[in-house]
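Working notes, structure below.
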Amino acid sequence: MDFIHLNEMQFYGYHGVFPEETKLGQRFRLTVSLAVDLRRAGETDALEHTVHYGEVYETCKSVVEGEPKKLVEAVAEEVASRILSEFPLVKGIRVQLIKPDPPIPGHYKSVAIDLTRGEFA
């Protein structure tokens, strides 16, 4: 299987459990890896045989900057579901959603979740 990666897209959203997260919002970084057979696109040089990553970006943006959710797991799940349903050439997806500034005490770079859906072989 071949892959298309959209690395570290940055969005501002209002997801979180705490009231200040849904009121003030915060930054999110999102990476998606799409499992796609790219052979025909490579052989034909035709866009219809691949996935338009500008459209994937817009789908990701609409989810992360859209309706607030309590859990980043729910945000990532919606990203995966929407991409798998809107882009039929995508056979599998890996979603990594990073919350660089969560409102929890301690010293760390970020917190993140990583999920995989669909086929990767």
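Chain labels follow the order of the structure tokens: the first chain is A, the next B, and so on; residue numbering restarts at 1 in every chain, and ligands are counted from 1 in their shown order.
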**Study point:** strand (DSSP E or B) residues, from DSSP on the backbone, in chain A, as a VMD selection string
**Key:** chain A and resid 2 to 13 26 to 36 92 to 99 111 to 118
Can those selected residues be exported to a file as a compact mmCIF listing (two decimals), in the first residue's frame so that it contains C-alpha atoms?
```txt
# COMPACT_ATOMS: atom_id res chain seq x y z
CA ASP A 2 1.12 3.54 -0.71
CA PHE A 3 0.58 6.55 1.54
CA ILE A 4 -0.25 10.22 1.31
CA HIS A 5 0.74 12.17 4.43
CA LEU A 6 -0.60 15.56 5.45
CA ASN A 7 1.83 16.54 8.19
CA GLU A 8 1.21 18.82 11.14
CA MET A 9 -1.74 20.79 9.87
CA GLN A 10 -2.53 23.50 12.40
CA PHE A 11 -5.99 24.54 13.49
CA TYR A 12 -7.66 26.45 16.29
CA GLY A 13 -10.56 24.65 17.94
CA GLN A 26 -6.62 26.30 21.72
CA ARG A 27 -4.24 25.12 19.04
CA PHE A 28 -4.33 21.62 17.60
CA ARG A 29 -1.88 19.91 15.25
CA LEU A 30 -3.15 17.12 13.03
CA THR A 31 -1.30 14.62 10.88
CA VAL A 32 -3.17 12.15 8.69
CA SER A 33 -1.67 9.30 6.70
CA LEU A 34 -3.90 7.92 3.96
CA ALA A 35 -3.44 4.38 2.65
CA VAL A 36 -4.07 4.61 -1.09
CA GLY A 92 -7.08 3.13 5.57
CA ILE A 93 -6.16 6.13 7.68
CA ARG A 94 -3.90 6.96 10.59
CA VAL A 95 -4.80 10.09 12.54
CA GLN A 96 -2.48 11.76 15.02
CA LEU A 97 -4.04 14.68 16.89
CA ILE A 98 -1.75 16.75 19.09
CA LYS A 99 -2.89 19.12 21.80
CA VAL A 111 -0.32 15.30 24.58
CA ALA A 112 -1.52 13.35 21.57
CA ILE A 113 -3.71 10.52 20.45
CA ASP A 114 -3.04 8.26 17.52
CA LEU A 115 -5.65 6.03 15.89
CA THR A 116 -5.76 3.79 12.85
CA ARG A 117 -8.83 2.75 10.88
CA GLY A 118 -9.33 0.67 7.74
```
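Put simply, atom CA of Leu84 of chain A is 27.0 Å away from atom CA of Ser110 of chain A.
Taking only C-alpha atoms into account, Val75 of chain A lies nearest to A:His15 out of the set A:His15, A:Met1, A:Pro105, A:Tyr53.
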Revision key, fill the gap. Between atom CA of Phe87 of chain A and atom CA of Gly25 of chain A lies a distance of 29.0 Å
Practice item. For each of A:Leu89, A:Glu20, A:Ile104, A:Glu65, take the minimum atom-to-atom distance to Arg40 of chain A, counting only C-alpha atoms, then give the residue where this is smallest. Key: A:Leu89
Check your understanding: Which polymer residues have any atom within 9 Å of an atom of His49 of chain A, counting only C-alpha atoms, with same-chain residues fewer than 6 positions away left out, as a ChimeraX atom specification?
Key -> /A:37-42,89
Practice item. Going by DSSP on the backbone, which bits of chain A are alpha helix (DSSP H)? Write them as a PyMOL selection string, please. Key: chain A and resi 19-24+39-44+53-64+72-86
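The shortest atom-to-atom distance to Gly16 of chain A, with only C-alpha atoms taken into account, belongs to A:Pro68 out of A:Gly106, A:Pro100, A:Pro88, A:Pro68.
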